[in-house]
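Chemist: Provided herewith is a single structure, encoded as structure tokens, for subsequent inquiry.
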Amino acid sequence: MELTITQPDDWHLHLRDGDLLEAVISHSAKHFGRAIVMPNLTPPITTTDAAVAYRESILKALPPGSNFTPLMTLYLTDVTTREEIKLARKSGVVYGVKLYPAGATTNSQHGVTDLFGKCLPVLEEMAEQNIPLLVHGEVTDPNVEIFDREKVFVETVLKPLVQRLPQLKIVMEHITTEDAVKFVESCKEGYVAATVTPQHLVLNRNALFQGGLQPHNYCLPVLKAEIHRQAIVSAVTGGSRRFFLGTDSAPHERKKKECPCGSAGIYNSPVALSLYAKIFEEAGALDKLEAFTSFNGPDFYGLTRNKSKIKLRKNPWKVPSSFSFQFGEIVPMFAGETLDWEPCS
Ligand SMILES: NC(=O)N[C@@H](CC(=O)O)C(=O)O
Ligand SMILES: [Zn+2]
Ligand SMILES: [Zn+2]
């Protein structure tokens, strides 16, 4: 069996910089036309100038002849100014501003400590300039259990934010719970949407402990219980336009994953399309795959859909057990396992 679909885009991607950028970029460029590139580098991309420079280094790292287009983002801090948002809009290369609650995830230590206290003027400017707010939606209160942090974020931050600034476009990134699904579905279409990763569609939290501790299945927000996985699967395979592809592919070197305090992040670029296809196939909804991978994202962001097509063939293939580079190794999601759907460009 073969499927031909409009070339997908990845609306949530970590490309990193330096050696890691050079190591991973071809995996994204092979399958995706565009990607929203996350700004959580060290130091973070907090200014338009930095985003422009980061974009140049991504373009330089691309394989020859690639048409892959990076869509840049700014990292919101307590001191981001309205002026910076105006510069971002003028640059023509910034497509979103990312909210990391300080301490919520990898490289979020420079993130926002008090959204309503410190960032409202900037959020108003974003609404005026039509720049979406991209959100890592977890509270950081250590007293809230890790499995409840998304749900509490929806109640305490997102619901009040939508009330306060209904004109602001928001993408709730990498949703993991039924609570997030319900919230997104309750908002006005075209203003609030969500990205969904392959791991939160195919795995539940058992995968963290299957046969022993599995660091390569550890990401944030952490995998959730099966009922939440099912709610997300129903939401995306039901054909709602509010949900779209965002891999959250987040490479870390093997030694940073397999150690006493391993980093959060799953490297899924090489397997993402196969896994999305599997989920839609299992739900009997392969006819809805293309809208999720290739239409809903650009429509929400107000961009044109890609013109080119890619093929997915039902042809078992083996995921490499790791990718080796001079600096070390990167282990992909489902390393060494066999997957059904093979993307062919
Ligand atoms: N998803 C992750 O577990 N990690 C991401 C950060 C993020 O998207 O929260 C990373 O940059 O490694
Ligand atoms: Zn995140
Ligand atoms: Zn991410």
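Every chain in the structure tokens has a letter given in the order shown (A, B, ...), and although residue numbers restart at 1 in each chain, ligands are simply numbered from 1 in the order shown.
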Return as a list of chain:residue names the residues of protein, DNA or RNA that approach ligand 3 to within 9 Å, with only C-alpha atoms and all ligand atoms taken into account.
Modeler: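 Answer in the requested format: A:His12, A:Leu13, A:His14, A:Met38, A:Asn40, A:Thr105, A:Thr106, A:His136, A:Glu173, A:His174, A:Cys219, A:Leu220, A:Gly246, A:Thr247, A:Asp248, A:Ser249, A:Ala250, A:Gly265.
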Chemist: Restricted to N, CA and C atoms, what would the selected residues look like written as a short mmCIF file (atom, residue, chain, number, x, y, z; two decimals), in the first residue's frame?
Modeler:
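Written out: selection.cif:
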data_model
loop_
_atom_site.label_atom_id
_atom_site.label_comp_id
_atom_site.auth_asym_id
_atom_site.auth_seq_id
_atom_site.Cartn_x
_atom_site.Cartn_y
_atom_site.Cartn_z
N HIS A 12 6.82 22.00 15.63
CA HIS A 12 7.53 22.08 16.92
C HIS A 12 8.79 21.22 16.81
N LEU A 13 9.92 21.88 16.68
CA LEU A 13 11.17 21.12 16.44
C LEU A 13 12.35 21.77 17.17
N HIS A 14 13.19 20.92 17.75
CA HIS A 14 14.46 21.38 18.32
C HIS A 14 15.59 21.00 17.38
N MET A 38 12.47 25.73 17.72
CA MET A 38 12.41 26.17 19.11
C MET A 38 13.66 26.96 19.50
N ASN A 40 15.17 27.35 22.53
CA ASN A 40 15.78 27.07 23.84
C ASN A 40 17.23 26.60 23.72
N THR A 105 11.28 22.86 31.78
CA THR A 105 11.82 21.85 30.87
C THR A 105 13.26 22.19 30.50
N THR A 106 13.83 21.48 29.54
CA THR A 106 15.22 21.69 29.12
C THR A 106 15.47 23.15 28.73
N HIS A 136 4.77 26.00 26.34
CA HIS A 136 5.04 24.76 27.08
C HIS A 136 4.12 24.80 28.28
N GLU A 173 1.62 23.59 23.01
CA GLU A 173 2.55 22.64 22.39
C GLU A 173 2.49 21.28 23.07
N HIS A 174 2.81 20.26 22.27
CA HIS A 174 2.94 18.88 22.75
C HIS A 174 1.93 18.51 23.85
N CYS A 219 10.51 12.35 28.15
CA CYS A 219 10.44 13.71 27.62
C CYS A 219 9.51 14.49 28.55
N LEU A 220 9.44 15.78 28.31
CA LEU A 220 8.50 16.63 29.04
C LEU A 220 7.57 17.31 28.05
N GLY A 246 3.46 18.29 15.35
CA GLY A 246 4.63 18.95 15.92
C GLY A 246 5.41 17.85 16.62
N THR A 247 6.56 17.49 16.07
CA THR A 247 7.23 16.28 16.60
C THR A 247 7.80 16.49 17.99
N ASP A 248 8.22 17.73 18.30
CA ASP A 248 9.02 17.97 19.50
C ASP A 248 10.26 17.09 19.50
N SER A 249 10.77 16.77 18.31
CA SER A 249 12.01 16.00 18.25
C SER A 249 13.08 16.80 18.99
N ALA A 250 13.69 16.17 19.99
CA ALA A 250 14.57 16.90 20.92
C ALA A 250 15.82 16.08 21.21
N GLY A 265 13.76 14.65 26.60
CA GLY A 265 13.70 14.91 25.16
C GLY A 265 13.85 13.61 24.39
#
Chemist: Can you pull out the residues contacting Asn296 (chain A)? Cut-off 12 Å, using only C-alpha atoms, and skip same-chain residues under 2 positions away; I want them as a ChimeraX atom specification.
Modeler: /A:6,8-11,189-190,193-196,236,239-246,288-294,298-306
Chemist: Considering only C-alpha atoms and all ligand atoms, state which residue in the set A:Ala285, A:Leu223, A:Ala264, A:Ala88 is at the smallest distance from ligand 1.
Modeler: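 Checking each candidate against ligand 1, we get A:Ala264 as the closest.
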Chemist: Pick the closest to Leu165 (chain A) from A:Ile5, A:Leu133, A:Val331, A:Ala127: which is it, counting only C-alpha atoms?
Modeler: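 Closest to Leu165 (chain A) of all the choices is A:Ala127.
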Chemist: Step one, run DSSP on the backbone; step two, keep only residues of region 37-109 of chain A assigned to strand (DSSP E or B); then write them as a PDB file with C-alpha atoms, in the first residue's frame.
Modeler:
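Below you can see selection13.pdb, which holds the result:
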ATOM      1  CA  VAL A  37      12.331  25.976  15.331  1.00  0.00           C
ATOM      2  CA  THR A  69      12.560  26.414   5.505  1.00  0.00           C
ATOM      3  CA  PRO A  70      13.158  27.156   9.184  1.00  0.00           C
ATOM      4  CA  LEU A  71      10.462  29.333  10.792  1.00  0.00           C
ATOM      5  CA  MET A  72      12.060  31.098  13.740  1.00  0.00           C
ATOM      6  CA  THR A  73      10.776  31.799  17.237  1.00  0.00           C
ATOM      7  CA  LEU A  74      11.728  34.055  20.131  1.00  0.00           C
ATOM      8  CA  TYR A  75      12.155  32.879  23.719  1.00  0.00           C
ATOM      9  CA  VAL A  94       9.875  35.139  13.267  1.00  0.00           C
ATOM     10  CA  TYR A  95       6.613  33.152  13.417  1.00  0.00           C
ATOM     11  CA  GLY A  96       6.031  32.726  17.117  1.00  0.00           C
ATOM     12  CA  VAL A  97       7.119  33.615  20.639  1.00  0.00           C
ATOM     13  CA  LYS A  98       7.701  30.716  22.992  1.00  0.00           C
ATOM     14  CA  LEU A  99       6.617  30.681  26.601  1.00  0.00           C
ATOM     15  CA  PRO A 101       7.575  28.730  32.467  1.00  0.00           C
TER      16      PRO A 101
END
Chemist: Which is closer to Asn268 (chain A) than all the others in A:Val319, A:Val144, A:Ala61, A:Leu161, using only C-alpha atoms?
Modeler: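 Smallest separation from Asn268 (chain A) among the options: A:Val319.
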